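Here is the structure we will look at.
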Protein chains: 2
Amino acid sequence: MPTISKKGANMPSSPIRKLVPFANAAKKQGKKIYHLNIGQPDIKTPQAAFDAVKQADLEVLAYSPSEGFEWYRDKIVEYYGRVGVNITSSDIIVSTGASEAISFVMNSCFDAGDEIIVPEPFYANYNGFSKAGSVKVKPITAQIETGFALPPMEDFEKEITPQTKAILICNPSNPTGYLYSKEELEVLKDIVLKHDLYLLVDEVYREFVYDGKTHTSVLTLDGLDEHAIVFDSVSKRYSACGARIGMVISRNKEMMATAMKFAQARLSPPTLGQIMGAAMCDVPQSYIDECISEYDSRRKVCIERLKKMEGVTVPNPGGAFYLFVKFPVDDTERFCKWLLESFDHNGETVMMAPGAGFYASDLGKQEARLAYVLNKEDLNKAMDCLEAALKVYPGRV
Amino acid sequence: MPTISKKGANMPSSPIRKLVPFANAAKKQGKKIYHLNIGQPDIKTPQAAFDAVKQADLEVLAYSPSEGFEWYRDKIVEYYGRVGVNITSSDIIVSTGASEAISFVMNSCFDAGDEIIVPEPFYANYNGFSKAGSVKVKPITAQIETGFALPPMEDFEKEITPQTKAILICNPSNPTGYLYSKEELEVLKDIVLKHDLYLLVDEVYREFVYDGKTHTSVLTLDGLDEHAIVFDSVSKRYSACGARIGMVISRNKEMMATAMKFAQARLSPPTLGQIMGAAMCDVPQSYIDECISEYDSRRKVCIERLKKMEGVTVPNPGGAFYLFVKFPVDDTERFCKWLLESFDHNGETVMMAPGAGFYASDLGKQEARLAYVLNKEDLNKAMDCLEAALKVYPGRV
């Protein structure tokens, strides 16, 4: 039997995937599960997006240009203008979700053995894309005590070697919700300019910021045109994860020309998704405002409830729709399994993503990620479950 | 300025891409171009596929499972049953076009430095996916004189080293249209069993076979369950290239479990594409039969016309919708540019894909790929252009 690749063997499974059999078993037992484990919003996709597809009068569902339709990229330029970022359509390659955008950039910037520095905890799939290209992820640990703020510059400097090609952050962050300030971005700017690195920023949660804070796109920082690369997506902004429309945005012409070669090899992004994407660019600001307000009120419910649970540490993050929480338990992977397998509160339980999967180092064993993608009533019930569970969990510490 | 990757720098551009500026200039001059350069069919996508999307009553366009919706994979199993292949839904991972299926398998089976043997001329993007994983493509040249039949077993044996992990073919072939016989597949079976290799077969043109021939899927050969991996797609079969729905099919559980980890890292294939895909599985055989009959009549038009042109060599391939043709010219890249830049026949000209881009070796300079994806009237006019051009092209040999 032919062997699989070493990189395939070493590729980590999704941190949530391991729990799926336990969730399926729990459902079979008739338990109701509140899913806080994945970033699949329950918010309605704008009707205009569905209408655009219904009204599209196509006879042949053809390929689009590899970089995306010109009319869609023009719409993206308009959207970016509204959030205060000046780009042109040639700074955009439309991809199949932000996932593919990351993969284009991984291929364009990194050879096997190159290194990328990422503050941890980080979006688990960054590991996957790095493994695919045999790129080494070097984590720098952010602390729950600071709410997962940017680690000090010295921590970055210590990890930089001649193999280091880039620093990658997600702003606001999946999985911590942390919103990087303009000052923190300036620190990163200094580091990448000093060491001639790329600064990759995943900004898919750009709109979702709270407490009167504002988001700073790395694309608005002066002097970073050759360094800054942004990953973006319609998935979270418009609750359209299944459209599979993302994008790479950069003013670095050489990098974009290289990324285009990888884009051409996979032919094109989805045509219907782009039709929806263009319609979503015209969705009124009130849609986004309502999403923000809804997420903010859910965030408050979760934080308030979690703060009342003894031994639980919950930061007050400024963005996205995640909380990264420390629990008074032996191991959240065991705790999350136990929640599905051995616990219920009036026939209900909760599913979370264990924290260790978001670390490249050995940390995170007492932490878990909660996505507040359910309505407040369900969130309150999920919190009831957690509260009751922490009182009886045998591995409590 | 940070440097791009070596693999990005070495990544080939699409063989057609180089001609695009010349085509754009020709259009600006008011020339009409007959596009035989890309495999974008003009056949109508089944109306049922568009209707399925219009009727889908979705509120949230959510992620699908990473392996594709169960109800879609069940439909694919039914389709495969109708073409005489027994698989189960766990043998299928739905991908974003066959392109992504290839990339999953590249990641799952190959590490940097591993080798893959591919008869040339081959689909140019195989090069791209190999480059992305630093996999070495070792070409074995098929000859136009045999119609691009499978090269003899000895040619393969000569190229096999300890680094060889797989043989890859496209059946019927893009770019040659060659339909591999059951006997040729048996030869490949012997080689892969002897040397414990994977046998990767791109079968996206499976239905399009002519002259009473039949297609043999590698999945019907005994003893290859651990070796055979098929790439498939709805793009050509149902003229739905923009749906971006493909799939990996294999009975090798370990390889599929590995591929699933890469599938999970990119989250999911497009949701609307899968809705269309499921509807297309129910399209009556008459739709496919009409496509075959239409392509066959176009194939005959092109072959008949090309055979009458002095010095042109055109095989009579058994499948797909391509012809790989040898022209009495110095260099088809130059010839194709000249057709766009310096030639017209009553204000019209033709665009083809130069042959060299389909070879990993230095061959193919007198060859070009023609996709017969236009109606017969247009194809005849395109042939008028070619015929007139060959009479006056300054680089004729």
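Just remember, in the structure tokens the first chain shown is A, the second B, etc., residues are 1-based per chain, and ligands are 1-based in the order shown.
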Item to complete: Enumerate as a ChimeraX atom specification the residues belonging to chain A that approach chain B to within 7 Å, with only C-alpha atoms taken into account.
Response: /A:1-2,4-9,11,13-14,40,42-45,54,59-64,99,107-111,125,128,132-133,196-198,226-227,239-244,255,258,261-262,264-266,270-271
Discussion item. Quick one: residues within 12 Å of Leu188 (chain B), only C-alpha atoms, excluding same-chain residues fewer than 3 positions away - as a VMD selection string?
Written reply: chain B and resid 117 to 119 150 to 157 166 to 169 180 to 185 191 to 201 218 221 224 227 to 228
Practice prompt. Provide the CA of Lys308 (chain A) to CA of Tyr178 (chain A) distance in Å, to one decimal place.
Written response: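 For CA of Lys308 (chain A) relative to CA of Tyr178 (chain A), the distance reads 21.4 Å.
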Discussion item. Quick check for you: according to DSSP on this backbone, which residues of region 67-252 of chain B are classed as strand (DSSP E)? Reply as a PyMOL selection string.
Written reply: chain B and resi 92-95+115-120+136-141+164-170+198-202+228-233+246-250
Item to complete: Measuring atom to atom with only C-alpha atoms, identify which of A:Ala278, A:Ile292, A:Leu306, A:Val209 is nearest to Pro328 (chain A).
Response: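 Residue with the minimum atom-to-atom distance to Pro328 (chain A): A:Leu306.
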Fill in: Using only C-alpha atoms: which of A:Leu386, A:Glu120, A:Leu219, A:Lys27 has the shortest distance to Ala356 (chain A)
A:Glu120
Fill in: 9 Å contact set for Ile303 (chain A), only C-alpha atoms, chain neighbours under 3 positions out, as a list of chain:residue names
A:Arg298, A:Arg299, A:Lys300, A:Leu306, A:Lys307, A:Lys308, A:Val314, A:Pro315, A:Asn316, A:Leu323
Export of prior selection with C-alpha atoms as a PDB file, in the first residue's frame:
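Below is the file selection.pdb, written as the result:
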ATOM      1  CA  ARG A 298     -24.838  38.502  23.327  1.00  0.00           C
ATOM      2  CA  ARG A 299     -21.265  39.225  24.337  1.00  0.00           C
ATOM      3  CA  LYS A 300     -22.533  41.049  27.412  1.00  0.00           C
ATOM      4  CA  LEU A 306     -19.295  33.708  33.058  1.00  0.00           C
ATOM      5  CA  LYS A 307     -17.968  36.311  35.516  1.00  0.00           C
ATOM      6  CA  LYS A 308     -20.443  35.035  38.102  1.00  0.00           C
ATOM      7  CA  VAL A 314     -13.116  35.750  31.127  1.00  0.00           C
ATOM      8  CA  PRO A 315     -11.501  38.749  29.417  1.00  0.00           C
ATOM      9  CA  ASN A 316     -13.603  41.540  27.941  1.00  0.00           C
ATOM     10  CA  LEU A 323     -14.616  34.576  24.041  1.00  0.00           C
TER      11      LEU A 323
END
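The smallest atom-to-atom distance between Glu310 (chain B) and any of B:Glu78, B:Glu367, B:Glu159, B:Glu387, using only C-alpha atoms, is found for B:Glu387.
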Using DSSP on the backbone, list every residue of region 66-190 of chain B that comes out as alpha helix (DSSP H), and give them as a short mmCIF file (atom, residue, chain, number, x, y, z; two decimals) with all heavy atoms, in the first residue's frame.
data_model
loop_
_atom_site.label_atom_id
_atom_site.label_comp_id
_atom_site.auth_asym_id
_atom_site.auth_seq_id
_atom_site.Cartn_x
_atom_site.Cartn_y
_atom_site.Cartn_z
N GLU B 70 -24.07 15.36 3.09
CA GLU B 70 -24.36 13.93 2.97
C GLU B 70 -25.36 13.68 1.82
O GLU B 70 -25.19 12.76 1.03
CB GLU B 70 -24.93 13.41 4.32
CG GLU B 70 -25.21 11.92 4.37
CD GLU B 70 -23.96 11.04 4.36
OE1 GLU B 70 -22.92 11.48 4.90
OE2 GLU B 70 -24.02 9.94 3.79
N TRP B 71 -26.40 14.54 1.73
CA TRP B 71 -27.41 14.33 0.67
C TRP B 71 -26.81 14.51 -0.72
O TRP B 71 -27.26 13.90 -1.68
CB TRP B 71 -28.64 15.21 0.85
CG TRP B 71 -28.42 16.66 1.20
CD1 TRP B 71 -28.53 17.22 2.43
CD2 TRP B 71 -28.05 17.74 0.32
NE1 TRP B 71 -28.25 18.57 2.38
CE2 TRP B 71 -27.95 18.93 1.10
CE3 TRP B 71 -27.79 17.83 -1.06
CZ2 TRP B 71 -27.60 20.17 0.56
CZ3 TRP B 71 -27.44 19.08 -1.59
CH2 TRP B 71 -27.35 20.23 -0.79
N TYR B 72 -25.78 15.34 -0.84
CA TYR B 72 -25.14 15.48 -2.15
C TYR B 72 -24.25 14.26 -2.44
O TYR B 72 -24.27 13.71 -3.54
CB TYR B 72 -24.34 16.78 -2.23
CG TYR B 72 -23.64 16.96 -3.57
CD1 TYR B 72 -24.23 16.53 -4.76
CD2 TYR B 72 -22.37 17.55 -3.64
CE1 TYR B 72 -23.58 16.69 -5.98
CE2 TYR B 72 -21.73 17.71 -4.86
CZ TYR B 72 -22.33 17.28 -6.02
OH TYR B 72 -21.70 17.41 -7.23
N ARG B 73 -23.52 13.82 -1.42
CA ARG B 73 -22.65 12.66 -1.64
C ARG B 73 -23.48 11.41 -1.94
O ARG B 73 -23.07 10.57 -2.74
CB ARG B 73 -21.69 12.48 -0.46
CG ARG B 73 -20.65 13.63 -0.46
CD ARG B 73 -19.59 13.51 0.64
NE ARG B 73 -20.23 13.53 1.93
CZ ARG B 73 -20.05 12.63 2.87
NH1 ARG B 73 -19.21 11.62 2.67
NH2 ARG B 73 -20.68 12.71 4.00
N ASP B 74 -24.66 11.32 -1.36
CA ASP B 74 -25.55 10.19 -1.70
C ASP B 74 -25.97 10.24 -3.17
O ASP B 74 -26.06 9.21 -3.84
CB ASP B 74 -26.81 10.20 -0.81
CG ASP B 74 -26.49 9.77 0.62
OD1 ASP B 74 -25.41 9.19 0.85
OD2 ASP B 74 -27.32 10.05 1.52
N LYS B 75 -26.21 11.44 -3.66
CA LYS B 75 -26.56 11.62 -5.07
C LYS B 75 -25.39 11.23 -5.97
O LYS B 75 -25.57 10.65 -7.05
CB LYS B 75 -26.92 13.09 -5.35
CG LYS B 75 -28.33 13.46 -4.95
CD LYS B 75 -29.27 12.92 -5.99
CE LYS B 75 -30.70 13.18 -5.62
NZ LYS B 75 -31.60 12.35 -6.43
N ILE B 76 -24.18 11.57 -5.54
CA ILE B 76 -23.00 11.23 -6.33
C ILE B 76 -22.84 9.71 -6.40
O ILE B 76 -22.51 9.15 -7.46
CB ILE B 76 -21.73 11.88 -5.71
CG1 ILE B 76 -21.82 13.41 -5.80
CG2 ILE B 76 -20.46 11.38 -6.41
CD1 ILE B 76 -20.76 14.15 -5.00
N VAL B 77 -23.12 9.03 -5.29
CA VAL B 77 -23.06 7.56 -5.27
C VAL B 77 -24.03 6.98 -6.31
O VAL B 77 -23.67 6.07 -7.06
CB VAL B 77 -23.38 7.02 -3.85
CG1 VAL B 77 -23.58 5.51 -3.88
CG2 VAL B 77 -22.27 7.40 -2.88
N GLU B 78 -25.23 7.55 -6.36
CA GLU B 78 -26.23 7.11 -7.37
C GLU B 78 -25.70 7.32 -8.79
O GLU B 78 -25.80 6.43 -9.63
CB GLU B 78 -27.52 7.94 -7.26
CG GLU B 78 -28.48 7.52 -6.18
CD GLU B 78 -29.68 8.47 -6.14
OE1 GLU B 78 -30.11 8.99 -7.21
OE2 GLU B 78 -30.17 8.74 -5.03
N TYR B 79 -25.18 8.51 -9.03
CA TYR B 79 -24.63 8.80 -10.36
C TYR B 79 -23.55 7.79 -10.72
O TYR B 79 -23.54 7.23 -11.82
CB TYR B 79 -24.07 10.24 -10.43
CG TYR B 79 -23.03 10.40 -11.52
CD1 TYR B 79 -23.42 10.56 -12.85
CD2 TYR B 79 -21.66 10.32 -11.23
CE1 TYR B 79 -22.48 10.64 -13.87
CE2 TYR B 79 -20.71 10.40 -12.23
CZ TYR B 79 -21.12 10.56 -13.55
OH TYR B 79 -20.19 10.62 -14.55
N TYR B 80 -22.64 7.52 -9.79
CA TYR B 80 -21.56 6.58 -10.08
C TYR B 80 -22.09 5.18 -10.35
O TYR B 80 -21.58 4.47 -11.21
CB TYR B 80 -20.51 6.58 -8.95
CG TYR B 80 -19.37 7.52 -9.26
CD1 TYR B 80 -19.44 8.87 -8.95
CD2 TYR B 80 -18.24 7.06 -9.93
CE1 TYR B 80 -18.41 9.73 -9.28
CE2 TYR B 80 -17.20 7.91 -10.27
CZ TYR B 80 -17.29 9.25 -9.93
OH TYR B 80 -16.27 10.09 -10.28
N GLY B 81 -23.15 4.82 -9.62
CA GLY B 81 -23.78 3.53 -9.88
C GLY B 81 -24.25 3.44 -11.33
O GLY B 81 -24.08 2.41 -12.00
N ARG B 82 -24.80 4.55 -11.84
CA ARG B 82 -25.31 4.55 -13.22
C ARG B 82 -24.18 4.42 -14.25
O ARG B 82 -24.40 3.93 -15.35
CB ARG B 82 -26.12 5.82 -13.50
CG ARG B 82 -27.47 5.86 -12.78
CD ARG B 82 -28.42 6.88 -13.41
NE ARG B 82 -27.91 8.24 -13.39
CZ ARG B 82 -28.03 9.09 -12.38
NH1 ARG B 82 -28.64 8.72 -11.26
NH2 ARG B 82 -27.55 10.31 -12.46
N GLY B 97 -14.10 22.48 -7.09
CA GLY B 97 -13.57 22.14 -8.41
C GLY B 97 -12.59 20.97 -8.29
O GLY B 97 -12.11 20.65 -7.20
N ALA B 98 -12.31 20.33 -9.43
CA ALA B 98 -11.31 19.26 -9.44
C ALA B 98 -9.95 19.82 -9.02
O ALA B 98 -9.12 19.10 -8.47
CB ALA B 98 -11.23 18.63 -10.82
N SER B 99 -9.72 21.11 -9.26
CA SER B 99 -8.45 21.73 -8.87
C SER B 99 -8.15 21.49 -7.40
O SER B 99 -7.04 21.11 -7.03
CB SER B 99 -8.51 23.24 -9.10
OG SER B 99 -8.81 23.54 -10.43
N GLU B 100 -9.14 21.72 -6.56
CA GLU B 100 -8.89 21.55 -5.13
C GLU B 100 -8.73 20.08 -4.78
O GLU B 100 -7.96 19.73 -3.88
CB GLU B 100 -10.04 22.17 -4.30
CG GLU B 100 -9.67 22.29 -2.84
CD GLU B 100 -10.82 22.82 -1.99
OE1 GLU B 100 -11.91 22.23 -2.02
OE2 GLU B 100 -10.61 23.82 -1.30
N ALA B 101 -9.44 19.22 -5.51
CA ALA B 101 -9.29 17.78 -5.29
C ALA B 101 -7.84 17.38 -5.53
O ALA B 101 -7.24 16.61 -4.76
CB ALA B 101 -10.24 17.01 -6.22
N ILE B 102 -7.25 17.90 -6.61
CA ILE B 102 -5.85 17.60 -6.92
C ILE B 102 -4.95 18.11 -5.80
O ILE B 102 -4.03 17.42 -5.35
CB ILE B 102 -5.46 18.24 -8.27
CG1 ILE B 102 -6.28 17.61 -9.41
CG2 ILE B 102 -3.97 18.10 -8.54
CD1 ILE B 102 -6.15 18.32 -10.75
N SER B 103 -5.25 19.29 -5.31
CA SER B 103 -4.41 19.87 -4.27
C SER B 103 -4.52 19.07 -2.96
O SER B 103 -3.51 18.84 -2.29
CB SER B 103 -4.78 21.35 -4.17
OG SER B 103 -4.84 21.80 -2.89
N PHE B 104 -5.71 18.59 -2.60
CA PHE B 104 -5.84 17.72 -1.40
C PHE B 104 -4.95 16.48 -1.54
O PHE B 104 -4.28 16.06 -0.60
CB PHE B 104 -7.28 17.23 -1.22
CG PHE B 104 -8.26 18.28 -0.77
CD1 PHE B 104 -9.62 18.09 -0.96
CD2 PHE B 104 -7.83 19.45 -0.15
CE1 PHE B 104 -10.54 19.05 -0.54
CE2 PHE B 104 -8.75 20.41 0.27
CZ PHE B 104 -10.11 20.21 0.07
N VAL B 105 -4.99 15.88 -2.73
CA VAL B 105 -4.26 14.63 -2.94
C VAL B 105 -2.76 14.89 -2.99
O VAL B 105 -1.97 14.12 -2.45
CB VAL B 105 -4.78 13.92 -4.21
CG1 VAL B 105 -3.89 12.76 -4.60
CG2 VAL B 105 -6.22 13.44 -3.97
N MET B 106 -2.37 16.00 -3.61
CA MET B 106 -0.95 16.38 -3.62
C MET B 106 -0.44 16.48 -2.19
O MET B 106 0.61 15.97 -1.85
CB MET B 106 -0.76 17.72 -4.34
CG MET B 106 -0.85 17.61 -5.85
SD MET B 106 0.67 16.87 -6.51
CE MET B 106 0.23 16.62 -8.20
N ASN B 107 -1.21 17.17 -1.33
CA ASN B 107 -0.80 17.34 0.07
C ASN B 107 -0.81 16.03 0.84
O ASN B 107 0.03 15.82 1.72
CB ASN B 107 -1.73 18.34 0.77
CG ASN B 107 -1.35 19.77 0.47
OD1 ASN B 107 -0.16 20.09 0.31
ND2 ASN B 107 -2.33 20.65 0.38
N SER B 108 -1.74 15.16 0.52
CA SER B 108 -1.90 13.92 1.30
C SER B 108 -0.89 12.86 0.91
O SER B 108 -0.55 12.01 1.73
CB SER B 108 -3.31 13.36 1.12
OG SER B 108 -4.27 14.32 1.48
N CYS B 109 -0.43 12.87 -0.33
CA CYS B 109 0.42 11.78 -0.82
C CYS B 109 1.88 12.17 -1.00
O CYS B 109 2.74 11.29 -1.06
CB CYS B 109 -0.11 11.25 -2.15
SG CYS B 109 -1.80 10.65 -2.05
N ASN B 125 -2.06 22.83 -15.60
CA ASN B 125 -2.14 23.17 -14.17
C ASN B 125 -1.64 22.07 -13.25
O ASN B 125 -1.40 22.32 -12.08
CB ASN B 125 -3.57 23.58 -13.81
CG ASN B 125 -3.89 24.96 -14.38
OD1 ASN B 125 -3.01 25.81 -14.49
ND2 ASN B 125 -5.13 25.18 -14.74
N TYR B 126 -1.47 20.82 -13.77
CA TYR B 126 -0.84 19.79 -12.93
C TYR B 126 0.53 20.28 -12.47
O TYR B 126 0.96 20.01 -11.35
CB TYR B 126 -0.65 18.48 -13.69
CG TYR B 126 -1.93 17.77 -14.10
CD1 TYR B 126 -1.94 16.87 -15.16
CD2 TYR B 126 -3.13 17.97 -13.41
CE1 TYR B 126 -3.09 16.20 -15.54
CE2 TYR B 126 -4.29 17.31 -13.79
CZ TYR B 126 -4.27 16.43 -14.86
OH TYR B 126 -5.41 15.77 -15.24
N ASN B 127 1.21 20.99 -13.34
CA ASN B 127 2.50 21.61 -13.01
C ASN B 127 2.37 22.55 -11.83
O ASN B 127 3.20 22.55 -10.93
CB ASN B 127 2.99 22.45 -14.20
CG ASN B 127 4.16 21.82 -14.90
OD1 ASN B 127 4.95 21.13 -14.27
ND2 ASN B 127 4.25 22.06 -16.19
N GLY B 128 1.33 23.36 -11.85
CA GLY B 128 1.12 24.35 -10.80
C GLY B 128 0.92 23.69 -9.45
O GLY B 128 1.54 24.07 -8.47
N PHE B 129 0.05 22.67 -9.41
CA PHE B 129 -0.21 22.01 -8.13
C PHE B 129 1.03 21.29 -7.63
O PHE B 129 1.26 21.20 -6.43
CB PHE B 129 -1.40 21.05 -8.25
CG PHE B 129 -2.66 21.77 -8.64
CD1 PHE B 129 -3.27 21.53 -9.85
CD2 PHE B 129 -3.21 22.72 -7.80
CE1 PHE B 129 -4.41 22.22 -10.23
CE2 PHE B 129 -4.36 23.41 -8.16
CZ PHE B 129 -4.96 23.15 -9.38
N SER B 130 1.83 20.77 -8.56
CA SER B 130 3.06 20.10 -8.16
C SER B 130 4.04 21.10 -7.58
O SER B 130 4.64 20.87 -6.53
CB SER B 130 3.68 19.39 -9.37
OG SER B 130 2.74 18.52 -9.95
N LYS B 131 4.18 22.24 -8.25
CA LYS B 131 5.08 23.29 -7.77
C LYS B 131 4.68 23.74 -6.36
O LYS B 131 5.53 23.97 -5.51
CB LYS B 131 5.03 24.50 -8.70
CG LYS B 131 5.85 24.36 -9.97
CD LYS B 131 7.28 24.83 -9.77
CE LYS B 131 8.06 24.89 -11.07
NZ LYS B 131 8.48 23.61 -11.58
N ALA B 132 3.37 23.89 -6.13
CA ALA B 132 2.90 24.35 -4.82
C ALA B 132 3.40 23.42 -3.72
O ALA B 132 3.70 23.86 -2.62
CB ALA B 132 1.37 24.45 -4.80
N MET B 153 5.40 0.55 -21.41
CA MET B 153 5.69 0.31 -20.00
C MET B 153 7.16 0.60 -19.66
O MET B 153 7.47 1.14 -18.60
CB MET B 153 5.38 -1.16 -19.70
CG MET B 153 5.48 -1.52 -18.25
SD MET B 153 4.46 -3.01 -17.92
CE MET B 153 4.88 -3.32 -16.21
N GLU B 154 8.08 0.27 -20.59
CA GLU B 154 9.51 0.47 -20.33
C GLU B 154 9.81 1.94 -20.07
O GLU B 154 10.70 2.26 -19.27
CB GLU B 154 10.38 0.01 -21.52
CG GLU B 154 10.14 -1.41 -21.98
CD GLU B 154 8.91 -1.54 -22.87
OE1 GLU B 154 8.96 -1.10 -24.03
OE2 GLU B 154 7.88 -2.07 -22.38
N ASP B 155 9.10 2.83 -20.78
CA ASP B 155 9.35 4.27 -20.58
C ASP B 155 9.04 4.67 -19.14
O ASP B 155 9.73 5.49 -18.55
CB ASP B 155 8.49 5.11 -21.53
CG ASP B 155 8.96 5.02 -22.97
OD1 ASP B 155 9.79 4.13 -23.27
OD2 ASP B 155 8.50 5.83 -23.81
N PHE B 156 7.97 4.08 -18.59
CA PHE B 156 7.62 4.37 -17.20
C PHE B 156 8.68 3.79 -16.26
O PHE B 156 9.20 4.47 -15.38
CB PHE B 156 6.24 3.78 -16.84
CG PHE B 156 5.09 4.54 -17.41
CD1 PHE B 156 4.60 4.27 -18.68
CD2 PHE B 156 4.50 5.57 -16.68
CE1 PHE B 156 3.54 5.00 -19.21
CE2 PHE B 156 3.44 6.29 -17.19
CZ PHE B 156 2.96 6.00 -18.46
N GLU B 157 9.01 2.53 -16.50
CA GLU B 157 9.96 1.83 -15.62
C GLU B 157 11.28 2.61 -15.52
O GLU B 157 11.87 2.69 -14.45
CB GLU B 157 10.23 0.41 -16.14
CG GLU B 157 8.99 -0.49 -16.14
CD GLU B 157 8.84 -1.30 -14.84
OE1 GLU B 157 9.68 -1.13 -13.93
OE2 GLU B 157 7.87 -2.07 -14.73
N LYS B 158 11.68 3.17 -16.65
CA LYS B 158 12.96 3.90 -16.67
C LYS B 158 12.95 5.11 -15.73
O LYS B 158 13.99 5.52 -15.24
CB LYS B 158 13.23 4.41 -18.11
CG LYS B 158 14.25 3.55 -18.85
CD LYS B 158 14.59 4.21 -20.19
CE LYS B 158 13.62 3.73 -21.28
NZ LYS B 158 13.82 4.35 -22.58
N GLU B 159 11.77 5.69 -15.54
CA GLU B 159 11.70 6.93 -14.76
C GLU B 159 11.42 6.71 -13.28
O GLU B 159 11.46 7.64 -12.49
CB GLU B 159 10.62 7.86 -15.35
CG GLU B 159 10.93 8.38 -16.74
CD GLU B 159 12.18 9.26 -16.78
OE1 GLU B 159 12.54 9.83 -15.74
OE2 GLU B 159 12.80 9.34 -17.87
N LYS B 182 -9.05 0.01 -21.79
CA LYS B 182 -8.98 -0.83 -20.59
C LYS B 182 -7.60 -1.51 -20.53
O LYS B 182 -7.01 -1.64 -19.45
CB LYS B 182 -10.09 -1.88 -20.62
CG LYS B 182 -10.11 -2.67 -19.35
CD LYS B 182 -11.42 -3.36 -19.05
CE LYS B 182 -11.34 -3.86 -17.60
NZ LYS B 182 -11.96 -5.15 -17.40
N GLU B 183 -7.08 -1.91 -21.67
CA GLU B 183 -5.78 -2.60 -21.71
C GLU B 183 -4.67 -1.67 -21.24
O GLU B 183 -3.76 -2.08 -20.51
CB GLU B 183 -5.47 -3.09 -23.14
CG GLU B 183 -6.37 -4.23 -23.63
CD GLU B 183 -7.84 -3.82 -23.81
OE1 GLU B 183 -8.12 -2.66 -24.22
OE2 GLU B 183 -8.73 -4.66 -23.50
N GLU B 184 -4.73 -0.42 -21.66
CA GLU B 184 -3.70 0.53 -21.21
C GLU B 184 -3.79 0.75 -19.69
O GLU B 184 -2.78 0.86 -19.01
CB GLU B 184 -3.86 1.86 -21.96
CG GLU B 184 -3.41 1.76 -23.41
CD GLU B 184 -3.72 3.02 -24.22
OE1 GLU B 184 -4.89 3.46 -24.20
OE2 GLU B 184 -2.80 3.55 -24.86
N LEU B 185 -5.03 0.80 -19.18
CA LEU B 185 -5.19 0.96 -17.73
C LEU B 185 -4.63 -0.26 -17.00
O LEU B 185 -4.04 -0.13 -15.92
CB LEU B 185 -6.67 1.16 -17.37
CG LEU B 185 -7.26 2.50 -17.81
CD1 LEU B 185 -8.76 2.53 -17.53
CD2 LEU B 185 -6.59 3.68 -17.09
N GLU B 186 -4.78 -1.44 -17.62
CA GLU B 186 -4.23 -2.66 -17.00
C GLU B 186 -2.70 -2.60 -16.95
O GLU B 186 -2.08 -3.07 -15.99
CB GLU B 186 -4.69 -3.91 -17.77
CG GLU B 186 -6.20 -4.16 -17.75
CD GLU B 186 -6.70 -4.83 -16.46
OE1 GLU B 186 -5.88 -5.15 -15.57
OE2 GLU B 186 -7.93 -5.02 -16.35
N VAL B 187 -2.10 -2.02 -17.98
CA VAL B 187 -0.64 -1.84 -17.97
C VAL B 187 -0.24 -0.93 -16.79
O VAL B 187 0.68 -1.25 -16.03
CB VAL B 187 -0.15 -1.22 -19.31
CG1 VAL B 187 1.32 -0.78 -19.21
CG2 VAL B 187 -0.33 -2.21 -20.45
N LEU B 188 -0.97 0.15 -16.65
CA LEU B 188 -0.68 1.07 -15.54
C LEU B 188 -0.90 0.38 -14.20
O LEU B 188 -0.14 0.57 -13.24
CB LEU B 188 -1.55 2.32 -15.65
CG LEU B 188 -1.17 3.26 -16.80
CD1 LEU B 188 -2.22 4.37 -16.95
CD2 LEU B 188 0.21 3.87 -16.59
N LYS B 189 -1.95 -0.43 -14.14
CA LYS B 189 -2.22 -1.18 -12.91
C LYS B 189 -1.02 -2.05 -12.54
O LYS B 189 -0.57 -2.07 -11.38
CB LYS B 189 -3.47 -2.05 -13.11
CG LYS B 189 -3.74 -3.03 -11.98
CD LYS B 189 -4.99 -3.86 -12.25
CE LYS B 189 -4.97 -5.14 -11.40
NZ LYS B 189 -6.22 -5.89 -11.52
N ASP B 190 -0.47 -2.76 -13.52
CA ASP B 190 0.68 -3.63 -13.24
C ASP B 190 1.85 -2.82 -12.70
O ASP B 190 2.52 -3.23 -11.76
CB ASP B 190 1.12 -4.36 -14.53
CG ASP B 190 0.08 -5.40 -14.96
OD1 ASP B 190 -0.79 -5.74 -14.12
OD2 ASP B 190 0.13 -5.84 -16.12
#
Discussion item. Please list as an NGL selection string every residue within 12 Å of Gly30 (chain A), counting only C-alpha atoms and excluding residues in the same chain fewer than 2 positions away.
Written reply: :A and (23-28 or 32-33 or 340-341 or 344 or 346-349)
Worksheet item: Which one is closest to Ala52 (chain B): B:Gly147, B:Pro21, B:Gly277, B:Pro65? Count only C-alpha atoms.
Response: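 Ranking B:Gly147, B:Pro21, B:Gly277, B:Pro65 by distance to Ala52 (chain B), first place goes to B:Gly277.
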